[in-house]
Protein chains: 2
Amino acid sequence: MKHLPHKTIERLSQYRRALLLCHAKGMTHIYSHEIAKIQHITAVQVRRDIMLIGYTGTLRKGYNVKELIDLIGQIIDSVEGINVCVAGIGNLGRAITNYFSGKRTKLSIVAVFDVDKSKIGKKYHGIECYAIEEMARVIKDKKIEIGIITVPAEDAPAISEMMVKAKIKGILNYTPKPVNVPSEVYLEEYDMITSLEKVAFFVKTD
Amino acid sequence: MKHLPHKTIERLSQYRRALLLCHAKGMTHIYSHEIAKIQHITAVQVRRDIMLIGYTGTLRKGYNVKELIDLIGQIIDSVEGINVCVAGIGNLGRAITNYFSGKRTKLSIVAVFDVDKSKIGKKYHGIECYAIEEMARVIKDKKIEIGIITVPAEDAPAISEMMVKAKIKGILNYTPKPVNVPSEVYLEEYDMITSLEKVAFFVKTD
DNA sequence: TTAACAATGTGAAATAATTAACATTTTTCT
DNA sequence: AGAAAAATGTTAATTATTTCACATTGTTAA
């Protein structure tokens with residue numbers, strides 16, 4: 001289990017989510033082709049991913065759901081858990097805070113930030129909103145390692161810089177404005193406009 | 001310009017956005033390494049993408065910003081424009097509607113849907129909200145070709161099925177629940193939880 | 001018991017995406 | 001004018017990812 005490919009990590013996260021549902025339904029075992037069907041990928045791909053993490057199923061019975069869930073957890077979760085913050089508590093920020101609240105115990109959103117004075121001090125899904133100026137302090141105090149950026153695009157670079165200064169380790173930028181971070185900070189960017197334009201393109205062509 | 005790679009399409013969309021900003025600032029030309037810097041990728045990659053769409057810059061002067069914007073438009077936009085709808089006008093739905101309103105003229109959100117009776121008939125960024133039951137009719141009447149799903153995860157499969165029945169051509173699913181569509185419908189799925197788990201993983205390891 | 005079947009596990013091939021290397025050309029400098 | 005520098009355009013190499021093909025092995029059924 002040397003270096004897991006990025007794509008495999010993404011799929012493992014998704015397998016786990018699907019497996020948790022199966023587990024809740026009382027299934028004890030699952031075949032690679034069943035997982036594949038849910039994720040609309042091939043069974044070979046599922047088996048290869050599982051192979052890469054060193055798990056092995058039972059021939060003819062498939063994979064033990066509980067064991068696989070636990071193993072994926074060992075791989076992708078960190079033991080102590082990771083604290084996360086969200087900068088910008090507009091619609092997108094609230095949507096994300098909403099999604100995560102109470103879902104994954106190992107990843108917790110522990111602070112949100114905004115410039116809007118009327119929001120500061122309020123709670124969003126039980127998480128307190130702080131002023132942007134307090135970011136450095138709060139990130140340090142609460143041992144926050146990951147920041148999610150959902151501010152208006154033009155503010156993204158400044159926010160990212162503040163996070164970097166506060167020694168954050170990873171940034172997930174949801175604004176359409178790319179931000180620059182030093183190489184020791186892990187950066188993931190996702191742009192909704194691009195995704196929609198991509199769908200539009202492939203709808204047109206194929 | 002045979003088959004453009006998926007990744008190239010995504011980047012072209014992003015180049016255009018960056019170029020529009022440059023154009024607004026009055027820049028007439030831009031070098032591949034300048035574009036690369038903005039998107040944090042390599043200059044070779046930029047040149048290759050541009051090569052693939054058959055544009056050629058001026059040696060020593062770089063690319064003509066306006067021409068490149070227009071050419072990218074010719075490639076990724078459709079001439080007549082494409083109508084889009086959003087199912088589920090919660091936080092995420094509103095965030096997306098917000099992002100798009102007035103931005104790209106070739107892609108317009110022309111309807112939003114929700115189950116919440118109190119939302120039906122109201123307008124969100126100028127776009128009327130209809131009841132889910134009206135989806136088939138509205139998609140047909142308004143010639144909607146792309147649907148964005150931002151309903152609660154458990155409702156995603158039903159919504160997707162309704163869209164497919166209404167002969168939508170592409171779906172962008174933002175719920176963590178994968179949906180099944182026939183092969184003639186282009187499907188793109190994005191899962192925020194997976195992205196955050198991925199960041200958490202790579203923060204931990206590298 | 002033995003043959004057929006249905007699943008996993010995996011080396012090897014194929015495909016997709018990125019990066020390196022460099023030829024070419026215009027501009028600038030001496 | 002000629003040399004150096006700085007950019008593009010592109011072939012080839014490399015790396016990443018997916019898929020194929022098939023060996024292996026429990027399980028079921030004749």
# chains A, B, ... in the order shown; residues from 1 in each chain; ligands from 1
call {"tool": "select_by_dssp", "arguments": {"residues": "range 6-144 of chain A", "states": "strand (DSSP E)", "output": "VMD selection string"}}
result
chain A and resid 29 to 30 63 to 64 82 to 87 107 to 114 123 to 124 127 to 131 144
call {"tool": "interface_residues", "arguments": {"of": "chain D", "to": "chain B", "cutoff": "10 Å", "atoms": "only C-alpha atoms (C1' of nucleotides)", "output": "compact mmCIF listing (two decimals) with C-alpha atoms (C1' of nucleotides), in the first residue's frame"}}
result
# COMPACT_ATOMS: atom_id res chain seq x y z
C1' DA D 6 12.45 34.79 -25.33
C1' DA D 7 8.58 33.13 -26.92
C1' DT D 8 5.56 29.51 -29.56
C1' DG D 9 4.46 24.81 -31.57
C1' DT D 10 5.08 20.00 -31.55
call {"tool": "residues_around", "arguments": {"residues": "range 12-18 of chain C", "least_positions_apart": "6", "cutoff": "10 Å", "atoms": "only C-alpha atoms (C1' of nucleotides)", "output": "PDB file with N, CA and C atoms (P, O5', C5', C4', C3', O3' and C1' of nucleotides), in the first residue's frame"}}
result
ATOM      1  N   PRO B   5      -9.778  16.402 -24.988  1.00  0.00           N
ATOM      2  CA  PRO B   5      -9.794  15.686 -23.708  1.00  0.00           C
ATOM      3  C   PRO B   5     -10.682  16.412 -22.693  1.00  0.00           C
ATOM      4  N   HIS B   6     -11.289  15.642 -21.827  1.00  0.00           N
ATOM      5  CA  HIS B   6     -12.128  16.221 -20.767  1.00  0.00           C
ATOM      6  C   HIS B   6     -11.385  17.298 -19.994  1.00  0.00           C
ATOM      7  N   LYS B   7     -10.163  16.996 -19.637  1.00  0.00           N
ATOM      8  CA  LYS B   7      -9.399  17.936 -18.827  1.00  0.00           C
ATOM      9  C   LYS B   7      -9.142  19.231 -19.584  1.00  0.00           C
ATOM     10  N   THR B   8      -8.952  19.119 -20.875  1.00  0.00           N
ATOM     11  CA  THR B   8      -8.737  20.320 -21.675  1.00  0.00           C
ATOM     12  C   THR B   8      -9.990  21.195 -21.683  1.00  0.00           C
ATOM     13  N   THR B  42       1.399  24.261 -15.753  1.00  0.00           N
ATOM     14  CA  THR B  42       2.604  24.620 -16.509  1.00  0.00           C
ATOM     15  C   THR B  42       2.261  25.330 -17.817  1.00  0.00           C
ATOM     16  N   VAL B  44       3.552  24.712 -20.661  1.00  0.00           N
ATOM     17  CA  VAL B  44       3.435  23.722 -21.734  1.00  0.00           C
ATOM     18  C   VAL B  44       1.994  23.243 -21.848  1.00  0.00           C
ATOM     19  N   GLN B  45       1.406  23.022 -20.717  1.00  0.00           N
ATOM     20  CA  GLN B  45       0.028  22.552 -20.718  1.00  0.00           C
ATOM     21  C   GLN B  45      -0.900  23.567 -21.374  1.00  0.00           C
TER      22      GLN B  45
ATOM     23  P    DT D  14      11.505   8.116 -21.262  1.00  0.00           P
ATOM     24  O5'  DT D  14      10.275   8.639 -20.415  1.00  0.00           O
ATOM     25  C5'  DT D  14      10.332   9.966 -19.869  1.00  0.00           C
ATOM     26  C4'  DT D  14       9.097  10.188 -19.057  1.00  0.00           C
ATOM     27  C3'  DT D  14       8.833   9.090 -18.034  1.00  0.00           C
ATOM     28  O3'  DT D  14       8.830   9.756 -16.788  1.00  0.00           O
ATOM     29  C1'  DT D  14       6.859   9.659 -19.212  1.00  0.00           C
ATOM     30  P    DT D  15       8.701   8.956 -15.402  1.00  0.00           P
ATOM     31  O5'  DT D  15       7.166   9.143 -15.041  1.00  0.00           O
ATOM     32  C5'  DT D  15       6.612  10.452 -14.974  1.00  0.00           C
ATOM     33  C4'  DT D  15       5.120  10.332 -14.864  1.00  0.00           C
ATOM     34  C3'  DT D  15       4.652   9.332 -13.805  1.00  0.00           C
ATOM     35  O3'  DT D  15       3.811  10.084 -12.954  1.00  0.00           O
ATOM     36  C1'  DT D  15       3.482   9.011 -15.827  1.00  0.00           C
ATOM     37  P    DA D  16       3.046   9.443 -11.707  1.00  0.00           P
ATOM     38  O5'  DA D  16       1.583   9.282 -12.293  1.00  0.00           O
ATOM     39  C5'  DA D  16       0.886  10.414 -12.778  1.00  0.00           C
ATOM     40  C4'  DA D  16      -0.495   9.965 -13.189  1.00  0.00           C
ATOM     41  C3'  DA D  16      -1.193   9.078 -12.166  1.00  0.00           C
ATOM     42  O3'  DA D  16      -2.473   9.658 -11.998  1.00  0.00           O
ATOM     43  C1'  DA D  16      -1.196   8.018 -14.295  1.00  0.00           C
ATOM     44  P    DT D  17      -3.619   9.007 -11.069  1.00  0.00           P
ATOM     45  O5'  DT D  17      -4.359   8.094 -12.119  1.00  0.00           O
ATOM     46  C5'  DT D  17      -5.091   8.701 -13.186  1.00  0.00           C
ATOM     47  C4'  DT D  17      -5.781   7.617 -13.966  1.00  0.00           C
ATOM     48  C3'  DT D  17      -6.595   6.640 -13.121  1.00  0.00           C
ATOM     49  O3'  DT D  17      -7.951   6.857 -13.489  1.00  0.00           O
ATOM     50  C1'  DT D  17      -5.323   5.514 -14.802  1.00  0.00           C
ATOM     51  P    DT D  18      -9.164   5.936 -12.988  1.00  0.00           P
ATOM     52  O5'  DT D  18      -9.230   4.890 -14.184  1.00  0.00           O
ATOM     53  C5'  DT D  18      -9.402   5.367 -15.504  1.00  0.00           C
ATOM     54  C4'  DT D  18      -9.390   4.195 -16.461  1.00  0.00           C
ATOM     55  C3'  DT D  18     -10.427   3.115 -16.147  1.00  0.00           C
ATOM     56  O3'  DT D  18     -11.241   3.036 -17.297  1.00  0.00           O
ATOM     57  C1'  DT D  18      -8.296   2.157 -16.624  1.00  0.00           C
ATOM     58  P    DT D  19     -12.477   2.005 -17.355  1.00  0.00           P
ATOM     59  O5'  DT D  19     -11.820   0.744 -18.090  1.00  0.00           O
ATOM     60  C5'  DT D  19     -11.270   0.911 -19.370  1.00  0.00           C
ATOM     61  C4'  DT D  19     -10.612  -0.386 -19.787  1.00  0.00           C
ATOM     62  C3'  DT D  19     -11.522  -1.617 -19.675  1.00  0.00           C
ATOM     63  O3'  DT D  19     -11.587  -2.156 -20.981  1.00  0.00           O
ATOM     64  C1'  DT D  19      -9.367  -2.061 -18.777  1.00  0.00           C
ATOM     65  P    DC D  20     -12.446  -3.485 -21.288  1.00  0.00           P
ATOM     66  O5'  DC D  20     -11.281  -4.566 -21.418  1.00  0.00           O
ATOM     67  C5'  DC D  20     -10.171  -4.270 -22.271  1.00  0.00           C
ATOM     68  C4'  DC D  20      -9.177  -5.415 -22.238  1.00  0.00           C
ATOM     69  C3'  DC D  20      -9.806  -6.795 -22.364  1.00  0.00           C
ATOM     70  O3'  DC D  20      -9.011  -7.483 -23.315  1.00  0.00           O
ATOM     71  C1'  DC D  20      -8.409  -6.725 -20.463  1.00  0.00           C
ATOM     72  P    DA D  21      -9.488  -8.908 -23.899  1.00  0.00           P
ATOM     73  O5'  DA D  21      -8.626  -9.927 -23.032  1.00  0.00           O
ATOM     74  C5'  DA D  21      -7.226  -9.701 -22.859  1.00  0.00           C
ATOM     75  C4'  DA D  21      -6.681 -10.772 -21.944  1.00  0.00           C
ATOM     76  C3'  DA D  21      -7.424 -12.105 -22.047  1.00  0.00           C
ATOM     77  O3'  DA D  21      -6.452 -13.108 -21.925  1.00  0.00           O
ATOM     78  C1'  DA D  21      -7.537 -11.339 -19.835  1.00  0.00           C
TER      79       DA D  21
END
call {"tool": "residues_around", "arguments": {"residues": "DA4 in chain D", "least_positions_apart": "4", "cutoff": "12 Å", "atoms": "only C-alpha atoms (C1' of nucleotides)", "output": "PyMOL selection string"}}
result
chain C and resi 27-30
call {"tool": "residues_around", "arguments": {"residues": "Phe100 in chain A", "least_positions_apart": "5", "cutoff": "12 Å", "atoms": "only C-alpha atoms (C1' of nucleotides)", "output": "number ranges by chain"}}
result
A: 83-86, 93-95, 105-110, 124-127; B: 176, 191-194, 196-197
call {"tool": "closest_atom_pairs", "arguments": {"of": "chain A", "to": "chain B", "cutoff": "8 Å", "atoms": "only C-alpha atoms", "output": "CSV"}}
result
residue,atom,partner,partner_atom,distance
A:His6,CA,B:Lys198,CA,7.9
A:Ile9,CA,B:Lys198,CA,6.4
A:Glu10,CA,B:Thr194,CA,5.9
A:Ser13,CA,B:Thr194,CA,5.6
A:Gln14,CA,B:Thr194,CA,6.6
A:Ile38,CA,B:Pro178,CA,6.7
A:Gln39,CA,B:Pro178,CA,6.1
A:His40,CA,B:Asn180,CA,7.6
A:Ile76,CA,B:Phe201,CA,5.4
A:Asp77,CA,B:Phe201,CA,6.9
A:Ser78,CA,B:Lys204,CA,7.1
A:Ile82,CA,B:Ala200,CA,7.4
A:Gly90,CA,B:Ala95,CA,7.9
A:Asn91,CA,B:Asn91,CA,4.8
A:Leu92,CA,B:Ala95,CA,5.3
A:Arg94,CA,B:Asn91,CA,6.4
A:Ala95,CA,B:Asn91,CA,5.0
A:Ile96,CA,B:Met192,CA,7.7
A:Tyr99,CA,B:Ile193,CA,7.9
A:Phe100,CA,B:Ile193,CA,7.5
A:Leu107,CA,B:Glu197,CA,8.0
A:Ile146,CA,B:Ala200,CA,7.4
A:Lys169,CA,B:Val203,CA,6.0
A:Gly170,CA,B:Val203,CA,5.9
A:Ile171,CA,B:Val199,CA,7.5
A:Leu172,CA,B:Leu196,CA,7.2
A:Pro178,CA,B:Gln39,CA,6.1
A:Asn180,CA,B:His40,CA,7.5
A:Val185,CA,B:Val203,CA,7.7
A:Tyr186,CA,B:Val203,CA,6.1
A:Leu187,CA,B:Val199,CA,7.5
A:Glu188,CA,B:Val199,CA,6.9
A:Met192,CA,B:Ile96,CA,7.7
A:Ile193,CA,B:Phe100,CA,7.5
A:Thr194,CA,B:Ser13,CA,5.6
A:Ser195,CA,B:Glu10,CA,7.2
A:Leu196,CA,B:Leu172,CA,7.2
A:Glu197,CA,B:Ser13,CA,6.9
A:Lys198,CA,B:Glu10,CA,6.2
A:Val199,CA,B:Gly170,CA,6.3
A:Ala200,CA,B:Ile82,CA,7.4
A:Phe201,CA,B:Ile76,CA,5.4
A:Phe202,CA,B:Tyr186,CA,6.9
A:Val203,CA,B:Gly170,CA,5.9
A:Lys204,CA,B:Ser78,CA,7.1
call {"tool": "write_last_selection", "arguments": {"atoms": "N, CA and C atoms", "output": "CSV table (one decimal), in the first residue's frame"}}
result
chain,number,residue,atom,x,y,z
A,6,HIS,N,-4.7,9.4,-6.5
A,6,HIS,CA,-5.7,10.4,-6.1
A,6,HIS,C,-7.1,9.8,-6.4
A,9,ILE,N,-8.3,7.4,-3.8
A,9,ILE,CA,-8.8,8.0,-2.6
A,9,ILE,C,-10.2,8.5,-2.7
A,10,GLU,N,-10.5,9.2,-3.8
A,10,GLU,CA,-11.8,9.7,-4.0
A,10,GLU,C,-12.8,8.6,-4.0
A,13,SER,N,-13.6,7.0,-0.5
A,13,SER,CA,-14.5,7.8,0.2
A,13,SER,C,-15.9,7.5,-0.2
A,14,GLN,N,-16.1,7.4,-1.5
A,14,GLN,CA,-17.5,7.1,-2.0
A,14,GLN,C,-17.9,5.7,-1.6
A,38,ILE,N,-23.5,0.8,-8.0
A,38,ILE,CA,-23.9,2.0,-7.3
A,38,ILE,C,-23.1,3.2,-7.8
A,39,GLN,N,-21.8,3.0,-7.9
A,39,GLN,CA,-20.9,4.1,-8.3
A,39,GLN,C,-20.8,4.4,-9.8
A,40,HIS,N,-21.5,3.6,-10.6
A,40,HIS,CA,-21.4,3.5,-12.0
A,40,HIS,C,-20.0,3.5,-12.5
A,76,ILE,N,-8.2,6.4,5.3
A,76,ILE,CA,-8.4,7.8,4.9
A,76,ILE,C,-8.7,8.8,6.1
A,77,ASP,N,-9.1,8.2,7.2
A,77,ASP,CA,-9.3,9.1,8.4
A,77,ASP,C,-8.0,9.2,9.1
A,78,SER,N,-7.9,10.3,9.9
A,78,SER,CA,-6.7,10.4,10.8
A,78,SER,C,-7.2,10.0,12.1
A,82,ILE,N,-9.7,15.7,12.4
A,82,ILE,CA,-9.2,16.9,11.9
A,82,ILE,C,-10.2,18.0,12.0
A,90,GLY,N,-22.1,32.5,3.5
A,90,GLY,CA,-23.2,32.8,2.6
A,90,GLY,C,-24.0,31.5,2.3
A,91,ASN,N,-24.6,31.4,1.1
A,91,ASN,CA,-25.4,30.2,0.8
A,91,ASN,C,-24.5,29.0,0.7
A,92,LEU,N,-23.4,29.1,0.0
A,92,LEU,CA,-22.6,27.9,-0.2
A,92,LEU,C,-22.0,27.5,1.1
A,94,ARG,N,-23.1,27.9,4.1
A,94,ARG,CA,-24.2,27.3,4.9
A,94,ARG,C,-24.5,25.9,4.4
A,95,ALA,N,-24.5,25.7,3.1
A,95,ALA,CA,-24.8,24.4,2.5
A,95,ALA,C,-23.8,23.4,2.9
A,96,ILE,N,-22.5,23.8,2.9
A,96,ILE,CA,-21.4,22.9,3.3
A,96,ILE,C,-21.5,22.6,4.8
A,99,TYR,N,-24.2,20.1,5.3
A,99,TYR,CA,-23.8,18.8,4.8
A,99,TYR,C,-23.0,18.0,5.9
A,100,PHE,N,-22.0,18.7,6.5
A,100,PHE,CA,-21.1,18.1,7.4
A,100,PHE,C,-21.5,17.9,8.8
A,107,LEU,N,-14.0,14.4,10.9
A,107,LEU,CA,-13.8,15.7,10.3
A,107,LEU,C,-14.9,16.6,10.9
A,146,ILE,N,-7.7,22.5,8.2
A,146,ILE,CA,-8.2,22.6,6.8
A,146,ILE,C,-9.2,23.8,6.8
A,169,LYS,N,-3.0,23.6,6.9
A,169,LYS,CA,-2.3,22.6,6.1
A,169,LYS,C,-3.0,22.3,4.8
A,170,GLY,N,-4.3,22.5,4.7
A,170,GLY,CA,-5.0,22.2,3.4
A,170,GLY,C,-6.1,23.2,3.2
A,171,ILE,N,-6.3,23.5,1.9
A,171,ILE,CA,-7.4,24.5,1.6
A,171,ILE,C,-8.2,23.9,0.5
A,172,LEU,N,-9.5,24.0,0.6
A,172,LEU,CA,-10.5,23.6,-0.4
A,172,LEU,C,-11.2,24.9,-0.9
A,178,PRO,N,-8.7,31.1,-8.8
A,178,PRO,CA,-7.6,30.3,-8.3
A,178,PRO,C,-6.8,31.1,-7.3
A,180,ASN,N,-3.1,31.1,-4.8
A,180,ASN,CA,-1.8,30.6,-4.7
A,180,ASN,C,-1.4,30.3,-3.3
A,185,VAL,N,1.3,23.5,1.5
A,185,VAL,CA,-0.1,23.5,1.7
A,185,VAL,C,-0.8,22.8,0.6
A,186,TYR,N,-1.6,21.8,1.0
A,186,TYR,CA,-2.3,21.0,0.0
A,186,TYR,C,-3.6,21.8,-0.5
A,187,LEU,N,-3.7,22.0,-1.8
A,187,LEU,CA,-4.8,22.8,-2.3
A,187,LEU,C,-5.6,22.0,-3.3
A,188,GLU,N,-6.9,22.2,-3.1
A,188,GLU,CA,-7.9,21.5,-4.0
A,188,GLU,C,-8.9,22.6,-4.4
A,192,MET,N,-17.7,25.5,-9.9
A,192,MET,CA,-19.0,25.0,-10.4
A,192,MET,C,-19.3,25.5,-11.8
A,193,ILE,N,-18.8,26.7,-12.1
A,193,ILE,CA,-19.1,27.2,-13.5
A,193,ILE,C,-18.4,26.3,-14.5
A,194,THR,N,-17.2,25.9,-14.3
A,194,THR,CA,-16.5,25.0,-15.2
A,194,THR,C,-17.3,23.7,-15.3
A,195,SER,N,-17.8,23.2,-14.2
A,195,SER,CA,-18.5,21.9,-14.3
A,195,SER,C,-19.7,22.0,-15.2
A,196,LEU,N,-20.4,23.1,-15.1
A,196,LEU,CA,-21.6,23.3,-15.9
A,196,LEU,C,-21.2,23.5,-17.3
A,197,GLU,N,-20.2,24.3,-17.6
A,197,GLU,CA,-19.8,24.5,-19.0
A,197,GLU,C,-19.3,23.1,-19.6
A,198,LYS,N,-18.7,22.3,-18.8
A,198,LYS,CA,-18.3,21.0,-19.3
A,198,LYS,C,-19.5,20.1,-19.6
A,199,VAL,N,-20.5,20.1,-18.8
A,199,VAL,CA,-21.7,19.4,-19.1
A,199,VAL,C,-22.3,19.9,-20.4
A,200,ALA,N,-22.4,21.2,-20.5
A,200,ALA,CA,-22.9,21.9,-21.7
A,200,ALA,C,-22.2,21.4,-23.0
A,201,PHE,N,-20.8,21.4,-22.8
A,201,PHE,CA,-20.0,21.0,-24.0
A,201,PHE,C,-20.3,19.5,-24.4
A,202,PHE,N,-20.4,18.6,-23.4
A,202,PHE,CA,-20.5,17.2,-23.8
A,202,PHE,C,-22.0,16.9,-24.2
A,203,VAL,N,-22.9,17.7,-23.7
A,203,VAL,CA,-24.3,17.5,-24.1
A,203,VAL,C,-24.4,17.8,-25.6
A,204,LYS,N,-23.6,18.8,-26.0
A,204,LYS,CA,-23.6,19.3,-27.4
A,204,LYS,C,-23.0,18.3,-28.3
call {"tool": "atom_distance", "arguments": {"atom1": "C1' of DT27 in chain D", "atom2": "CA of His29 in chain A"}}
result
16.2 Å
call {"tool": "interface_residues", "arguments": {"of": "chain C", "to": "chain A", "cutoff": "9 Å", "atoms": "only C-alpha atoms (C1' of nucleotides)", "output": "count of residues only"}}
result
5
call {"tool": "atom_distance", "arguments": {"atom1": "CA of Lys140 in chain B", "atom2": "CA of Asp114 in chain B"}}
result
17.4 Å
call {"tool": "atom_distance", "arguments": {"atom1": "CA of Ile69 in chain A", "atom2": "CA of Arg16 in chain A"}}
result
5.6 Å
call {"tool": "decode", "arguments": {"residues": "range 5-18 of chain D", "atoms": "N, CA, C and O atoms (P, O5', C5', C4', C3', O3' and C1' of nucleotides)", "output": "mmCIF file, in the first residue's frame"}}
result
data_model
loop_
_atom_site.group_PDB
_atom_site.id
_atom_site.type_symbol
_atom_site.label_atom_id
_atom_site.label_comp_id
_atom_site.auth_asym_id
_atom_site.auth_seq_id
_atom_site.Cartn_x
_atom_site.Cartn_y
_atom_site.Cartn_z
ATOM 1 P P DA D 5 21.974 35.168 -23.780
ATOM 2 O "O5'" DA D 5 20.448 35.592 -23.972
ATOM 3 C "C5'" DA D 5 20.118 36.977 -24.094
ATOM 4 C "C4'" DA D 5 18.628 37.113 -24.307
ATOM 5 C "C3'" DA D 5 17.802 36.166 -23.439
ATOM 6 O "O3'" DA D 5 16.735 36.929 -22.889
ATOM 7 C "C1'" DA D 5 17.226 35.894 -25.715
ATOM 8 P P DA D 6 15.697 36.287 -21.813
ATOM 9 O "O5'" DA D 6 14.362 36.153 -22.660
ATOM 10 C "C5'" DA D 6 13.849 37.264 -23.378
ATOM 11 C "C4'" DA D 6 12.640 36.779 -24.154
ATOM 12 C "C3'" DA D 6 11.759 35.832 -23.357
ATOM 13 O "O3'" DA D 6 10.402 36.118 -23.630
ATOM 14 C "C1'" DA D 6 12.452 34.789 -25.332
ATOM 15 P P DA D 7 9.298 35.788 -22.539
ATOM 16 O "O5'" DA D 7 8.331 34.767 -23.301
ATOM 17 C "C5'" DA D 7 7.347 35.198 -24.146
ATOM 18 C "C4'" DA D 7 7.358 34.414 -25.459
ATOM 19 C "C3'" DA D 7 6.679 33.048 -25.468
ATOM 20 O "O3'" DA D 7 5.275 33.229 -25.564
ATOM 21 C "C1'" DA D 7 8.575 33.128 -26.918
ATOM 22 P P DT D 8 4.303 31.956 -25.410
ATOM 23 O "O5'" DT D 8 4.348 31.342 -26.871
ATOM 24 C "C5'" DT D 8 3.871 32.104 -27.963
ATOM 25 C "C4'" DT D 8 4.119 31.337 -29.260
ATOM 26 C "C3'" DT D 8 3.267 30.075 -29.415
ATOM 27 O "O3'" DT D 8 2.773 30.006 -30.744
ATOM 28 C "C1'" DT D 8 5.555 29.508 -29.560
ATOM 29 P P DG D 9 1.586 29.027 -31.095
ATOM 30 O "O5'" DG D 9 2.376 27.727 -31.576
ATOM 31 C "C5'" DG D 9 3.101 27.780 -32.798
ATOM 32 C "C4'" DG D 9 3.645 26.393 -33.113
ATOM 33 C "C3'" DG D 9 2.619 25.262 -32.990
ATOM 34 O "O3'" DG D 9 2.864 24.405 -34.108
ATOM 35 C "C1'" DG D 9 4.458 24.811 -31.567
ATOM 36 P P DT D 10 1.956 23.135 -34.349
ATOM 37 O "O5'" DT D 10 2.906 21.999 -33.776
ATOM 38 C "C5'" DT D 10 4.135 21.750 -34.444
ATOM 39 C "C4'" DT D 10 4.837 20.584 -33.766
ATOM 40 C "C3'" DT D 10 3.912 19.405 -33.447
ATOM 41 O "O3'" DT D 10 4.629 18.225 -33.713
ATOM 42 C "C1'" DT D 10 5.080 20.000 -31.554
ATOM 43 P P DT D 11 3.843 16.998 -34.352
ATOM 44 O "O5'" DT D 11 5.009 15.907 -34.358
ATOM 45 C "C5'" DT D 11 6.372 16.300 -34.611
ATOM 46 C "C4'" DT D 11 7.281 15.567 -33.649
ATOM 47 C "C3'" DT D 11 6.865 14.118 -33.358
ATOM 48 O "O3'" DT D 11 8.043 13.326 -33.414
ATOM 49 C "C1'" DT D 11 7.108 15.291 -31.333
ATOM 50 P P DA D 12 7.939 11.712 -33.248
ATOM 51 O "O5'" DA D 12 8.622 11.501 -31.826
ATOM 52 C "C5'" DA D 12 9.706 12.346 -31.426
ATOM 53 C "C4'" DA D 12 9.980 12.090 -29.969
ATOM 54 C "C3'" DA D 12 9.750 10.639 -29.515
ATOM 55 O "O3'" DA D 12 10.850 10.282 -28.683
ATOM 56 C "C1'" DA D 12 8.454 12.089 -28.172
ATOM 57 P P DA D 13 10.921 8.839 -28.003
ATOM 58 O "O5'" DA D 13 10.639 9.181 -26.476
ATOM 59 C "C5'" DA D 13 11.500 10.116 -25.821
ATOM 60 C "C4'" DA D 13 10.995 10.312 -24.414
ATOM 61 C "C3'" DA D 13 10.834 9.019 -23.616
ATOM 62 O "O3'" DA D 13 11.552 9.191 -22.404
ATOM 63 C "C1'" DA D 13 8.826 10.298 -23.532
ATOM 64 P P DT D 14 11.505 8.116 -21.262
ATOM 65 O "O5'" DT D 14 10.275 8.639 -20.415
ATOM 66 C "C5'" DT D 14 10.332 9.966 -19.869
ATOM 67 C "C4'" DT D 14 9.097 10.188 -19.057
ATOM 68 C "C3'" DT D 14 8.833 9.090 -18.034
ATOM 69 O "O3'" DT D 14 8.830 9.756 -16.788
ATOM 70 C "C1'" DT D 14 6.859 9.659 -19.212
ATOM 71 P P DT D 15 8.701 8.956 -15.402
ATOM 72 O "O5'" DT D 15 7.166 9.143 -15.041
ATOM 73 C "C5'" DT D 15 6.612 10.452 -14.974
ATOM 74 C "C4'" DT D 15 5.120 10.332 -14.864
ATOM 75 C "C3'" DT D 15 4.652 9.332 -13.805
ATOM 76 O "O3'" DT D 15 3.811 10.084 -12.954
ATOM 77 C "C1'" DT D 15 3.482 9.011 -15.827
ATOM 78 P P DA D 16 3.046 9.443 -11.707
ATOM 79 O "O5'" DA D 16 1.583 9.282 -12.293
ATOM 80 C "C5'" DA D 16 0.886 10.414 -12.778
ATOM 81 C "C4'" DA D 16 -0.495 9.965 -13.189
ATOM 82 C "C3'" DA D 16 -1.193 9.078 -12.166
ATOM 83 O "O3'" DA D 16 -2.473 9.658 -11.998
ATOM 84 C "C1'" DA D 16 -1.196 8.018 -14.295
ATOM 85 P P DT D 17 -3.619 9.007 -11.069
ATOM 86 O "O5'" DT D 17 -4.359 8.094 -12.119
ATOM 87 C "C5'" DT D 17 -5.091 8.701 -13.186
ATOM 88 C "C4'" DT D 17 -5.781 7.617 -13.966
ATOM 89 C "C3'" DT D 17 -6.595 6.640 -13.121
ATOM 90 O "O3'" DT D 17 -7.951 6.857 -13.489
ATOM 91 C "C1'" DT D 17 -5.323 5.514 -14.802
ATOM 92 P P DT D 18 -9.164 5.936 -12.988
ATOM 93 O "O5'" DT D 18 -9.230 4.890 -14.184
ATOM 94 C "C5'" DT D 18 -9.402 5.367 -15.504
ATOM 95 C "C4'" DT D 18 -9.390 4.195 -16.461
ATOM 96 C "C3'" DT D 18 -10.427 3.115 -16.147
ATOM 97 O "O3'" DT D 18 -11.241 3.036 -17.297
ATOM 98 C "C1'" DT D 18 -8.296 2.157 -16.624
#
